[in-house]
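This report concerns only the one structure given below.
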Amino acid sequence: FFLINNLISRKDFSQKVNKRAFFLEIFFLIKKKRLRKAYKQLRLHCLYEPHSWIEWKLLATVIEKIGVLVSKTLRFSLRLLKKFPDSIPAIFLSANHCLCFSSYGYAQAEYFQAFRWKKNSTVLNILISIQYLNGSFSRRNLFTGFSILLSVSFFVRYQIFRNFLTEYQHKRVKKSFLYKSEGFYNKGRFYLFFGIKKLACQ
């Protein structure tokens, strides 16, 4: 562990980005409960790999274990987005943190920022749909019906792309089954929201 730690702290290592050794160090840091050091290492690495999902996912995991660095991380991700506006993982992290602060409008804005780059993303389409549903409950919303209409529109887009992936993965039985199950589950929850229990049960 000492050798790995010294190796990763070197500048030439950061330039070469030896991911295997880096992930090994993060694993040891988390296992030894040295979460703040893991947090700092991951933040530094996210600057070198702003478009890599793995580093951002690990950063979110460490933040969840620490539980006190939400606002600090939000400022970090927003600063990073000024340099790398097309960093989808940073956009997702920023949007999710805005949700933690109940800033639904800012979260929606971040999701639409990512939507510029990934219009065919099933995750983005359903997240935007959910945000419009949440917004329809707001007292400040003067156009509740329009919000619901937009929510349904993005949910239909989600269903189209999810069905395409299901057909594409049809030969892979396990993946095809998972995609179908996800689509049916989300459709059922969507029907429940509108009180259509019969269709939801189907």
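Chain identifiers are assigned as A, B, and so on, following the order in which chains appear in the structure tokens; residues are numbered from 1 within each chain, and ligands are numbered from 1 in order of appearance.
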
Write out as a PyMOL selection string each polymer residue whose atoms come within 12 Å of Ile63 (chain A), counting only C-alpha atoms; drop sequence neighbours fewer than 2 positions from it. chain A and resi 30+35-40+42-43+56-61+65-74+93+97

Select from region 39-111 of chain A everything DSSP, run on the backbone, classes as alpha helix (DSSP H), then give the selection as a VMD selection string. chain A and resid 39 to 48 53 to 66 70 to 83 88 to 100 104 to 111

Neighbour list for Ala90 (chain A) as a ChimeraX atom specification, cut-off 8 Å, only C-alpha atoms, skip fewer than 6 positions in-chain: /A:50-51,56,77-78,80-81

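Counting only C-alpha atoms, region 187-191 of chain A has the following residues at most 12 Å away, ignoring those fewer than 4 positions along the same chain: Ile126, Ser129, Ile130, Leu133, Ile148, Ser151, Val152, Phe154, Phe155, Val156, Tyr158, Gln159, Arg162, Lys180, Ser181, Glu182, Gly183, Gly195, Ile196, Lys197, Lys198, Leu199, Ala200, Cys201 and Gln202 of chain A.
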
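Here CA of Gln108 (chain A) and CA of Ile128 (chain A) stand 6.6 Å from one another.
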
Could you work out how far CA of Ser52 (chain A) lies from CA of Lys31 (chain A), giving the answer in Å with one decimal? 22.7 Å

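Between Gln41 (chain A) and the candidates A:Glu25, A:Glu64, A:Asp86, A:Glu167, the tightest atom-to-atom separation, counting only C-alpha atoms, involves A:Glu25.
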
Would you compute the distance between CA of Leu24 (chain A) and CA of Ile54 (chain A)? Give it in Å to one decimal. 13.1 Å

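When only C-alpha atoms are used to measure the gap to Leu99 (chain A), the shortest distance among A:Arg75, A:Asn134, A:Lys119, A:Thr144 belongs to A:Asn134.
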
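Taking only C-alpha atoms into account, Ile160 (chain A) lies nearest to A:Asn125 out of the set A:Leu142, A:Arg116, A:Asn125, A:Phe22.
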